[in-house]
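Before any comments, here is the structure.
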Amino acid sequence: TGAGQVADSMGLLPILAALAAIAGIGLAVLMAMLMAGKLKAPIVEVTDGLEAAAMGDLKVELQPQGVEETTALARAFNEMVENVRNQKEALEKKVEENSGVLRESKERLDSAASELRAAFEAIRDAVVMVDLDGKVMEANQHFCDLSVLPLKDLKTYSAEAVVDQLKT
């Protein structure tokens with residue numbers, strides 16, 4: 001008890017107690033900072049991964065690390081990104097297939113339209129088509145020659161105006 005009596009007699013005991021308390025608080029703060037760093041790094045990595053995935057990088061993969069919760073979070077994130085990547089690939093494949101079908105359909109439609117136009121032009125009579133409102137929709141070249149108007153001008157006329165034009 002010699003050291004304790006000396007410290008007590010010199011009035012150092014309260015100072016030593018205060019220093020021990022400060023050291024304990026400092027150690028607690030240091031431990032808290034270390035633990036926060038261990039928790040913060042995986043959360044920052046998950047946040048960075050989420051931002052990358054949101055920007056379209058579906059190759060991002062997190063390394064499970066840290067406490068059990070952040071490890072589970074990283075695994076769930078990786079599974080989610082893989083599911084999104086698989087769905088995106090499936091949709092892109094479907095779009096590519098549908099685009100091919102649409103391209104083929106358009107080619108067939110263009111071909112049929114060309115054939116119909118050729119048949120329409122092969123008719124020896126002058127033919128004009130008007131809609132239910134009496135507006136000119138189409139005319140073959142024989143009709144354009146007879147009316148002395150190009151087709152683009154004829155399409156601006158009503159059937160009555162065409163008849164009046166033909167009379168003159």
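Chain labels A, B, ... are given in the sequence in which chains occur in the structure tokens; within each chain residues are numbered consecutively from 1, and ligands are likewise numbered from 1 in the order shown.
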Contacts of region 103-117 of chain A at 12 Å (only C-alpha atoms; same-chain gap of 4+ positions) as an MDAnalysis selection string: chainID A and resid 95:99 121:123 138:141
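Comparing A:Ala23, A:Ala74, A:Val130, A:Ala28 by their smallest distance to Ser158 (chain A), the closest is A:Val130 (using only C-alpha atoms).
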Determine which residues of region 44-161 of chain A receive a DSSP assignment of helix (DSSP H, G or I), computed from the backbone, and state them as an MDAnalysis selection string. chainID A and resid 44:54 68:122 141:147 151:154 159:161
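The two atoms in question, CA of Thr71 (chain A) and CA of Lys88 (chain A), are spaced 25.7 Å apart.
With distances restricted to only C-alpha atoms, A:Val46 is the closest residue to Ala76 (chain A) from A:Val128, A:Val46, A:Leu30, A:Ile22.
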What is the distance, in Å and to one decimal place, between CA of Pro64 (chain A) and CA of Val44 (chain A)?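 So the two atoms, CA of Pro64 (chain A) and CA of Val44 (chain A), lie 12.7 Å apart.
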Hey, can you check how far CA of Gly66 (chain A) sits from CA of Ala52 (chain A)? 20.8 Å
Please give the complete set of residues from chain A that DSSP, run on the backbone, assigns to strand (DSSP E), formatted as a PyMOL selection string. chain A and resi 128-130+136-139
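Each of A:Leu50, A:Leu154, A:Ile15, A:Ile43 was checked against Ala72 (chain A) using only C-alpha atoms; the smallest atom-to-atom distance is that of A:Ile43.
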